[in-house]
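Chemist: So here's model03.csv, just CSV, C-alpha atoms:
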chain,number,residue,atom,x,y,z
A,1,MET,CA,-19.4,-0.5,-30.7
A,2,PHE,CA,-18.6,-4.2,-30.2
A,3,ALA,CA,-16.0,-5.9,-32.4
A,4,LYS,CA,-17.1,-9.5,-32.0
A,5,SER,CA,-20.3,-11.4,-31.4
A,6,CYS,CA,-20.7,-14.8,-29.7
A,7,LEU,CA,-21.1,-16.4,-33.1
A,8,ASP,CA,-17.6,-15.0,-34.1
A,9,LEU,CA,-16.1,-16.5,-30.9
A,10,TRP,CA,-17.8,-19.8,-31.5
A,11,LYS,CA,-16.4,-20.0,-35.1
A,12,GLU,CA,-12.9,-19.2,-33.8
A,13,GLU,CA,-13.1,-21.9,-31.2
A,14,THR,CA,-14.4,-24.6,-33.6
A,15,LYS,CA,-11.5,-23.8,-36.1
A,16,GLN,CA,-8.8,-24.1,-33.4
A,17,THR,CA,-6.9,-27.4,-33.4
A,18,ASN,CA,-4.2,-26.2,-31.1
A,19,ASN,CA,-4.4,-29.0,-28.5
A,20,ILE,CA,-1.9,-31.3,-27.0
A,21,ILE,CA,-3.0,-34.9,-26.9
A,22,THR,CA,-2.2,-37.2,-24.0
A,23,PHE,CA,-2.3,-40.5,-25.9
A,24,CYS,CA,-5.4,-41.5,-23.9
A,25,ARG,CA,-8.3,-40.8,-26.3
A,26,ASP,CA,-11.0,-40.9,-23.6
A,27,LEU,CA,-9.1,-38.3,-21.5
A,28,ASP,CA,-8.5,-36.1,-24.5
A,29,GLN,CA,-12.2,-36.2,-25.4
A,30,ALA,CA,-13.2,-35.5,-21.8
A,31,MET,CA,-11.0,-32.3,-21.8
A,32,GLY,CA,-12.2,-31.2,-25.2
A,33,ASN,CA,-9.7,-32.8,-27.5
A,34,GLY,CA,-6.7,-32.6,-25.2
A,35,VAL,CA,-4.8,-29.9,-23.3
A,36,SER,CA,-5.8,-26.6,-24.8
A,37,VAL,CA,-3.5,-23.9,-25.9
A,38,GLY,CA,-4.1,-20.5,-24.3
A,39,LEU,CA,-5.5,-22.0,-21.1
A,40,ILE,CA,-4.3,-23.1,-17.7
A,41,THR,CA,-4.8,-26.9,-17.1
A,42,GLU,CA,-4.2,-28.3,-13.6
A,43,PHE,CA,-3.5,-32.0,-12.8
A,44,CYS,CA,-4.2,-32.5,-9.1
A,45,GLY,CA,-3.8,-35.5,-6.9
A,46,PRO,CA,-1.8,-37.3,-4.1
A,47,PRO,CA,1.7,-38.5,-4.6
A,48,GLY,CA,1.9,-41.4,-7.1
A,49,SER,CA,-1.3,-40.5,-8.9
A,50,GLY,CA,0.4,-39.8,-12.2
A,51,LYS,CA,0.8,-36.0,-12.3
A,52,THR,CA,4.5,-35.9,-13.3
A,53,GLN,CA,4.0,-38.8,-15.7
A,54,MET,CA,1.3,-36.8,-17.4
A,55,CYS,CA,3.6,-33.7,-17.6
A,56,LEU,CA,6.4,-35.7,-19.1
A,57,GLN,CA,4.1,-37.2,-21.7
A,58,LEU,CA,2.8,-33.8,-22.7
A,59,CYS,CA,6.4,-32.5,-23.1
A,60,ILE,CA,7.0,-35.1,-25.7
A,61,ASN,CA,3.6,-34.9,-27.4
A,62,VAL,CA,3.7,-31.2,-27.9
A,63,GLN,CA,6.8,-31.7,-30.2
A,64,ILE,CA,5.0,-34.1,-32.6
A,65,LEU,CA,4.8,-32.5,-36.0
A,66,PRO,CA,1.5,-31.0,-37.1
A,67,GLN,CA,1.3,-33.6,-39.9
A,68,PHE,CA,1.0,-36.2,-37.2
A,69,GLY,CA,-1.4,-34.4,-35.0
A,70,GLY,CA,1.0,-32.4,-32.8
A,71,LEU,CA,2.0,-28.7,-32.5
A,72,GLY,CA,5.7,-29.1,-33.5
A,73,GLY,CA,6.7,-26.9,-30.6
A,74,LYS,CA,9.0,-27.0,-27.5
A,75,ALA,CA,8.3,-27.4,-23.8
A,76,LEU,CA,9.6,-25.5,-20.8
A,77,TYR,CA,9.6,-27.5,-17.6
A,78,PHE,CA,9.8,-25.8,-14.2
A,79,ASP,CA,10.6,-28.5,-11.5
A,80,THR,CA,10.1,-27.4,-7.9
A,81,ASN,CA,10.4,-30.7,-6.1
A,82,PHE,CA,13.0,-32.8,-8.1
A,83,ASN,CA,10.2,-34.9,-9.7
A,84,PHE,CA,11.7,-34.6,-13.2
A,85,ASP,CA,13.4,-37.8,-14.5
A,86,PRO,CA,15.3,-37.5,-17.8
A,87,HIS,CA,15.6,-41.2,-18.1
A,88,ARG,CA,11.8,-41.7,-17.9
A,89,LEU,CA,11.4,-38.8,-20.4
A,90,LYS,CA,13.7,-40.6,-22.8
A,91,GLU,CA,11.7,-43.8,-22.4
A,92,ILE,CA,8.5,-42.0,-23.3
A,93,ALA,CA,10.2,-40.2,-26.2
A,94,ALA,CA,11.5,-43.5,-27.6
A,95,ALA,CA,7.9,-44.8,-27.6
A,96,CYS,CA,6.7,-41.7,-29.4
A,97,VAL,CA,9.3,-42.2,-32.1
A,98,ARG,CA,8.0,-45.7,-32.7
A,99,HIS,CA,4.5,-44.3,-32.7
A,100,CYS,CA,5.3,-41.8,-35.5
A,101,GLN,CA,7.2,-44.4,-37.5
A,102,LYS,CA,4.1,-46.7,-37.3
A,103,LEU,CA,1.8,-43.9,-38.5
A,104,VAL,CA,4.1,-43.3,-41.5
A,105,GLN,CA,4.3,-47.0,-42.3
A,106,ILE,CA,0.6,-47.6,-42.1
A,107,HIS,CA,-1.0,-44.4,-43.2
A,108,ARG,CA,1.4,-41.8,-44.6
A,109,LYS,CA,4.4,-43.2,-46.3
A,110,ASP,CA,4.7,-39.9,-48.2
A,111,LEU,CA,5.8,-38.3,-44.9
A,112,ASN,CA,8.6,-40.7,-44.2
A,113,HIS,CA,11.2,-37.9,-44.9
A,114,LEU,CA,9.9,-36.0,-41.9
A,115,ILE,CA,10.9,-38.7,-39.4
A,116,GLU,CA,14.0,-40.1,-41.0
A,117,ASN,CA,16.2,-38.5,-38.4
A,118,LEU,CA,13.7,-38.5,-35.6
A,119,THR,CA,15.2,-40.0,-32.3
A,120,ALA,CA,14.5,-40.0,-28.6
A,121,GLU,CA,17.3,-37.5,-28.2
A,122,THR,CA,15.6,-35.2,-30.7
A,123,PHE,CA,12.6,-35.0,-28.4
A,124,LEU,CA,14.8,-34.5,-25.3
A,125,ASP,CA,16.5,-31.6,-26.9
A,126,GLY,CA,13.1,-29.9,-27.3
A,127,VAL,CA,12.4,-29.8,-23.5
A,128,TYR,CA,14.0,-27.0,-21.6
A,129,TYR,CA,14.5,-27.8,-17.9
A,130,LYS,CA,14.8,-25.5,-14.9
A,131,HIS,CA,14.8,-26.3,-11.2
A,132,VAL,CA,13.4,-23.5,-9.0
A,133,SER,CA,13.5,-23.7,-5.2
A,134,GLU,CA,12.0,-20.3,-4.3
A,135,PHE,CA,8.8,-18.7,-5.6
A,136,SER,CA,10.7,-15.5,-6.3
A,137,GLU,CA,13.0,-17.4,-8.6
A,138,LEU,CA,9.9,-18.8,-10.5
A,139,THR,CA,8.5,-15.3,-11.0
A,140,ASN,CA,11.8,-14.1,-12.3
A,141,GLU,CA,11.9,-17.0,-14.8
A,142,VAL,CA,8.3,-16.2,-16.0
A,143,ALA,CA,9.3,-12.6,-16.5
A,144,GLN,CA,12.2,-13.7,-18.7
A,145,LEU,CA,9.9,-16.0,-20.6
A,146,GLU,CA,8.1,-13.1,-22.2
A,147,GLN,CA,11.4,-11.9,-23.8
A,148,THR,CA,12.2,-15.5,-24.9
A,149,LEU,CA,8.9,-15.7,-26.7
A,150,LYS,CA,9.4,-12.3,-28.3
A,151,ASN,CA,12.7,-13.5,-29.7
A,152,GLY,CA,10.7,-16.2,-31.6
A,153,GLU,CA,11.4,-19.3,-29.5
A,154,LYS,CA,8.6,-21.7,-30.4
A,155,ILE,CA,7.5,-22.8,-26.9
A,156,LYS,CA,4.1,-24.4,-27.0
A,157,LEU,CA,4.0,-25.8,-23.4
A,158,VAL,CA,5.0,-24.4,-20.0
A,159,VAL,CA,4.9,-26.9,-17.1
A,160,ILE,CA,5.1,-26.0,-13.4
A,161,ASP,CA,5.5,-29.2,-11.4
A,162,SER,CA,4.5,-28.6,-8.6
A,163,LEU,CA,3.1,-25.1,-8.1
A,164,SER,CA,1.6,-25.8,-4.7
A,165,PHE,CA,4.8,-27.2,-3.4
A,166,ILE,CA,6.9,-24.1,-4.1
A,167,ILE,CA,4.2,-21.7,-2.9
A,168,ARG,CA,3.5,-23.6,0.4
A,169,ASN,CA,7.3,-24.0,1.1
A,170,SER,CA,8.3,-20.4,0.2
A,171,ILE,CA,5.5,-18.3,1.6
A,172,GLU,CA,4.0,-18.5,5.1
A,173,SER,CA,1.2,-16.0,5.0
A,174,THR,CA,-2.1,-17.3,3.4
A,175,LEU,CA,-3.0,-13.9,2.1
A,176,GLU,CA,0.4,-13.5,0.5
A,177,ARG,CA,0.1,-16.9,-1.1
A,178,ILE,CA,-3.2,-15.9,-2.7
A,179,ARG,CA,-1.8,-12.6,-3.9
A,180,VAL,CA,1.4,-13.9,-5.5
A,181,ASN,CA,-0.3,-16.9,-7.0
A,182,HIS,CA,-3.0,-14.8,-8.5
A,183,ARG,CA,-0.4,-12.4,-10.0
A,184,LEU,CA,1.7,-15.3,-11.4
A,185,LEU,CA,-1.2,-17.1,-13.1
A,186,THR,CA,-2.6,-13.9,-14.5
A,187,GLN,CA,0.7,-13.1,-16.1
A,188,LEU,CA,1.2,-16.6,-17.5
A,189,HIS,CA,-2.4,-16.7,-18.8
A,190,ALA,CA,-1.9,-13.4,-20.6
A,191,LEU,CA,1.3,-14.7,-22.2
A,192,ALA,CA,-0.4,-18.0,-23.2
A,193,GLN,CA,-3.2,-16.1,-24.9
A,194,GLN,CA,-0.8,-13.9,-26.8
A,195,TYR,CA,1.8,-16.4,-27.8
A,196,LYS,CA,-0.5,-19.5,-28.1
A,197,PHE,CA,1.0,-22.0,-25.7
A,198,ALA,CA,-0.5,-24.3,-23.1
A,199,ILE,CA,0.1,-24.0,-19.4
A,200,VAL,CA,0.1,-27.1,-17.3
A,201,ILE,CA,0.5,-27.0,-13.5
A,202,THR,CA,0.4,-29.7,-10.9
A,203,ASN,CA,-1.3,-29.3,-7.5
A,204,ASP,CA,-1.3,-31.4,-4.4
A,205,VAL,CA,-4.3,-32.3,-2.2
A,206,THR,CA,-5.0,-31.4,1.4
A,207,THR,CA,-7.6,-32.2,4.1
A,208,ARG,CA,-10.3,-29.7,4.8
A,209,ILE,CA,-12.5,-29.9,7.8
A,210,ILE,CA,-16.2,-29.5,7.1
A,211,SER,CA,-17.6,-26.5,9.0
A,212,GLY,CA,-19.8,-27.5,11.9
A,213,GLU,CA,-19.0,-31.2,11.5
A,214,SER,CA,-16.4,-33.7,12.6
A,215,ALA,CA,-15.9,-35.0,9.1
A,216,SER,CA,-13.2,-33.9,6.6
A,217,VAL,CA,-12.8,-34.1,2.8
A,218,ILE,CA,-9.8,-34.3,0.5
A,219,VAL,CA,-9.5,-31.2,-1.7
A,220,PRO,CA,-7.0,-29.5,-4.0
A,221,ALA,CA,-4.4,-27.4,-2.2
A,222,LEU,CA,-4.1,-23.6,-2.6
A,223,GLY,CA,-7.7,-22.9,-1.8
A,224,GLU,CA,-10.8,-21.8,-3.7
A,225,SER,CA,-9.4,-18.5,-5.0
A,226,HIS,CA,-6.7,-20.5,-6.8
A,227,GLY,CA,-9.4,-22.7,-8.4
A,228,HIS,CA,-11.0,-19.7,-10.0
A,229,LYS,CA,-7.8,-19.0,-11.9
A,230,ILE,CA,-7.7,-22.5,-13.4
A,231,ASN,CA,-9.5,-23.1,-16.7
A,232,GLN,CA,-9.4,-26.9,-16.6
A,233,ARG,CA,-8.9,-29.1,-13.5
A,234,VAL,CA,-8.3,-32.8,-13.7
A,235,LEU,CA,-8.1,-34.9,-10.5
A,236,LEU,CA,-5.9,-38.0,-10.7
A,237,GLY,CA,-5.9,-41.0,-8.5
A,238,PRO,CA,-5.8,-44.8,-8.3
A,239,VAL,CA,-8.8,-46.9,-9.4
A,240,SER,CA,-10.9,-48.7,-6.9
A,241,SER,CA,-9.2,-51.4,-4.9
A,242,GLN,CA,-11.0,-54.1,-6.7
A,243,ARG,CA,-9.7,-53.0,-10.1
A,244,ALA,CA,-6.3,-52.2,-8.7
A,245,GLU,CA,-5.8,-55.8,-7.7
A,246,ALA,CA,-5.9,-56.7,-11.4
A,247,ALA,CA,-3.8,-53.9,-12.8
A,248,THR,CA,-1.8,-51.5,-10.5
A,249,ASP,CA,-0.9,-49.3,-13.4
A,250,ILE,CA,-4.5,-48.2,-14.0
A,251,PHE,CA,-5.6,-44.8,-12.8
A,252,VAL,CA,-8.7,-42.6,-13.0
A,253,ALA,CA,-8.8,-39.0,-14.2
A,254,PHE,CA,-11.8,-37.0,-13.1
A,255,VAL,CA,-12.3,-33.9,-15.2
A,256,GLU,CA,-13.8,-31.7,-12.4
A,257,LYS,CA,-13.7,-28.4,-14.3
A,258,SER,CA,-13.6,-27.8,-18.1
A,259,LEU,CA,-14.7,-25.1,-20.5
A,260,TYR,CA,-15.8,-27.7,-23.1
A,261,ARG,CA,-17.3,-30.8,-21.4
A,262,PRO,CA,-19.4,-31.7,-18.4
A,263,ARG,CA,-17.8,-33.4,-15.5
A,264,MET,CA,-16.7,-37.0,-16.2
A,265,ALA,CA,-14.3,-39.6,-15.1
A,266,VAL,CA,-12.2,-41.9,-17.4
A,267,ASN,CA,-9.5,-44.5,-16.8
A,268,PHE,CA,-6.0,-44.3,-18.1
A,269,GLN,CA,-2.8,-46.4,-17.9
A,270,ILE,CA,0.8,-45.6,-17.1
A,271,SER,CA,2.9,-48.1,-19.0
A,272,ALA,CA,6.5,-48.3,-20.0
A,273,PHE,CA,5.5,-46.3,-23.1
A,274,GLY,CA,3.9,-43.5,-21.1
A,275,ILE,CA,0.3,-42.4,-20.8
A,276,ARG,CA,-2.1,-44.6,-22.7
A,277,GLY,CA,-5.8,-45.4,-22.8
A,278,VAL,CA,-7.2,-48.5,-21.1
A,279,ARG,CA,-8.3,-51.2,-23.6
A,280,ASN,CA,-11.6,-52.9,-22.9
A,281,LYS,CA,-11.1,-56.6,-22.5
So that I can check it, write out the structure of this file as structure tokens.
Modeler:
Amino acid sequence: MFAKSCLDLWKEETKQTNNIITFCRDLDQAMGNGVSVGLITEFCGPPGSGKTQMCLQLCINVQILPQFGGLGGKALYFDTNFNFDPHRLKEIAAACVRHCQKLVQIHRKDLNHLIENLTAETFLDGVYYKHVSEFSELTNEVAQLEQTLKNGEKIKLVVIDSLSFIIRNSIESTLERIRVNHRLLTQLHALAQQYKFAIVITNDVTTRIISGESASVIVPALGESHGHKINQRVLLGPVSSQRAEAATDIFVAFVEKSLYRPRMAVNFQISAFGIRGVRNK
């Protein structure tokens, strides 16, 4: 009657290596070896917390060849709030080129032919960009994405930065927001499962009043129903004020929801090279 057992599913999961690394080892491990293909990963936080920087880094890392730990695919970037910066993307790409060259020089000189013509421009050419200002425009683009994938385009990452911004600025009714958001994420998730790509969205934070109390808490936007559609959620923010005095480019990533790991918080750094781990001094 049943085609698969839980043992079959476990074996399939353990064999999968289709993850996109962030270049922060601690964060990758906290998420289950990086951003997973076939799932929806959300980076949530206030402005300046590193959400867009994380998306740009992933757009580069997804293109790294499998021989160097990447997927060798392309990225599709939906920008809703003009957060995308091609100059910053090129800076991150140039650092990745140097990283691959260093790997070859130290560990795999036999693979030098694979990176002989690798440049920052090569990475930029592998990121497709689209600005969308209305939610209806985003849904139309996602509908066209299916045909693009059927045509054989090797897209391994779809980014929506920011999903909450376009929903909250395009749709007034709360019930309508829930409905269209649920439909969009369901469609995207089904495509991601079928064509084996990762979905990364960014979300803002908002204030919620605690019922029966005068206190309030900071929570991810779009509500609890949206949270049920997310497979992995990572909250980003600055480190404590004491640590921030020493290094303003150090941030904290709290993995609030994950299919693979318990909740945990790790530090990461945003440098001129992109996302990196924090070295212990």
Chemist: For stretch 183-197 of chain A, please output as a list in words all residues within 6 Å (counting only C-alpha atoms; exclusion window: fewer than 4 positions along the same chain).
Modeler: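 Neighbouring residues, sequence-local ones excluded: Val37, Gly38, Lys156 and Leu157 of chain A.
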Chemist: Go ahead and compute the interatomic distance for atom CA of A:Tyr128 and atom CA of A:Ile155, in Å to one decimal.
Modeler: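 Result for atom CA of A:Tyr128 versus atom CA of A:Ile155: 9.4 Å, one decimal.
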Chemist: From the list A:Ala198, A:Ile270, A:Ile115, A:Leu103, which residue is nearest A:Leu58 when using only C-alpha atoms?
Modeler: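 Among the listed residues, the smallest separation from A:Leu58 belongs to A:Ala198.
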Chemist: Give the answer as one residue: which of A:Ala120, A:Ile199, A:Leu222, A:Ile275 has the shortest atom-to-atom distance to A:Val35, using all atoms listed in the file?
Modeler: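 Smallest separation from A:Val35 among the options: A:Ile199.
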Chemist: Give as a list in words every residue, naming chains and numbers as the document does, that has an atom within 10 Å of (-4.6, -14.7, -2.9), counting all atoms listed in the file.
Modeler: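 Result, sorted by chain then residue number: Ser173, Thr174, Leu175, Glu176, Arg177, Ile178, Arg179, Val180, Asn181, His182, Arg183, Leu222, Gly223, Glu224, Ser225 and His226 of chain A.
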Chemist: In Å to one decimal, how far is atom CA of A:Phe78 from atom CA of A:Arg261?
Modeler: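 Going from atom CA of A:Arg261 over to atom CA of A:Phe78 covers 28.5 Å.
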Chemist: Any idea what the distance is between atom CA of A:Cys24 and atom CA of A:Arg276?
Modeler: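 We find that atom CA of A:Cys24 and atom CA of A:Arg276 lie 4.7 Å from each other.
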Chemist: Find, counting all atoms listed in the file, the residue in A:Glu121, A:Glu91, A:Glu42, A:Glu137 that gets nearest to A:Val158.
Modeler: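 Using all atoms listed in the file, A:Val158 sits closest to A:Glu42.
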Chemist: Of the candidates A:Val234, A:Val97, A:Thr41, A:Val159, which one gets nearest to A:Met264 if we count only C-alpha atoms?
Modeler: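 Once distances to A:Met264 are computed over only C-alpha atoms, the minimum belongs to A:Val234.
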Chemist: Go through A:Cys59, A:Phe43, A:Asn81, A:Ser216 one by one, measure the shortest atom-to-atom distance of each to A:Lys257 using only C-alpha atoms, and give the residue with the smallest value.
Modeler: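 Comparing A:Cys59, A:Phe43, A:Asn81, A:Ser216 against A:Lys257, the winner is A:Phe43.
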Chemist: Between A:Ser162, A:Asn151, A:Thr119, A:Gln105, which is the closest to A:His131 once you count all atoms listed in the file?
Modeler: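 Of A:Ser162, A:Asn151, A:Thr119, A:Gln105, the one nearest A:His131 is A:Ser162, counting all atoms listed in the file.
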Chemist: For a quick check of your reading of the model, name the residues lying within 6 Å of the coordinate (9.2, -27.1, -31.2), counting only C-alpha atoms, and write them as a PyMOL selection string.
Modeler: chain A and resi 63+72-74+154
Chemist: Where atoms are absent from stretch 104-119 of chain A, fill them in so it carries N, CA, C and O atoms, then output it as a short mmCIF file (atom, residue, chain, number, x, y, z; two decimals), keeping the file's coordinate frame.
Modeler:
data_model
loop_
_atom_site.label_atom_id
_atom_site.label_comp_id
_atom_site.auth_asym_id
_atom_site.auth_seq_id
_atom_site.Cartn_x
_atom_site.Cartn_y
_atom_site.Cartn_z
N VAL A 104 3.54 -43.48 -40.12
CA VAL A 104 4.10 -43.30 -41.50
C VAL A 104 3.94 -44.63 -42.26
O VAL A 104 3.50 -44.66 -43.41
N GLN A 105 4.32 -45.71 -41.63
CA GLN A 105 4.30 -47.00 -42.30
C GLN A 105 2.93 -47.43 -42.72
O GLN A 105 2.73 -47.99 -43.81
N ILE A 106 1.94 -47.14 -41.87
CA ILE A 106 0.60 -47.60 -42.10
C ILE A 106 -0.24 -46.63 -42.94
O ILE A 106 -0.97 -47.02 -43.87
N HIS A 107 -0.12 -45.34 -42.61
CA HIS A 107 -1.00 -44.40 -43.20
C HIS A 107 -0.40 -43.32 -44.12
O HIS A 107 -1.02 -42.91 -45.09
N ARG A 108 0.82 -42.87 -43.82
CA ARG A 108 1.40 -41.80 -44.60
C ARG A 108 2.83 -42.02 -44.97
O ARG A 108 3.76 -41.37 -44.50
N LYS A 109 3.04 -42.92 -45.88
CA LYS A 109 4.40 -43.20 -46.30
C LYS A 109 5.03 -42.03 -47.04
O LYS A 109 6.25 -41.93 -47.12
N ASP A 110 4.19 -41.12 -47.53
CA ASP A 110 4.70 -39.90 -48.20
C ASP A 110 5.40 -38.98 -47.25
O ASP A 110 6.10 -38.06 -47.68
N LEU A 111 5.19 -39.18 -45.93
CA LEU A 111 5.80 -38.30 -44.90
C LEU A 111 7.03 -38.92 -44.27
O LEU A 111 7.51 -38.42 -43.26
N ASN A 112 7.52 -39.97 -44.84
CA ASN A 112 8.60 -40.70 -44.20
C ASN A 112 9.88 -39.77 -44.08
O ASN A 112 10.65 -39.89 -43.13
N HIS A 113 10.04 -38.81 -45.01
CA HIS A 113 11.20 -37.90 -44.90
C HIS A 113 11.19 -37.04 -43.70
O HIS A 113 12.23 -36.55 -43.28
N LEU A 114 10.01 -36.85 -43.10
CA LEU A 114 9.90 -36.00 -41.90
C LEU A 114 10.43 -36.66 -40.65
O LEU A 114 10.75 -35.98 -39.68
N ILE A 115 10.50 -37.98 -40.65
CA ILE A 115 10.90 -38.70 -39.40
C ILE A 115 12.18 -39.51 -39.63
O ILE A 115 12.55 -40.30 -38.75
N GLU A 116 12.84 -39.34 -40.75
CA GLU A 116 14.00 -40.10 -41.00
C GLU A 116 15.09 -39.95 -39.94
O GLU A 116 15.78 -40.91 -39.56
N ASN A 117 15.23 -38.75 -39.44
CA ASN A 117 16.20 -38.50 -38.40
C ASN A 117 15.65 -38.27 -37.02
O ASN A 117 16.31 -37.73 -36.13
N LEU A 118 14.41 -38.70 -36.84
CA LEU A 118 13.70 -38.50 -35.60
C LEU A 118 14.23 -39.57 -34.55
O LEU A 118 14.19 -40.77 -34.81
N THR A 119 14.71 -39.11 -33.40
CA THR A 119 15.20 -40.00 -32.30
C THR A 119 14.65 -39.54 -31.00
O THR A 119 14.11 -38.43 -30.87
#
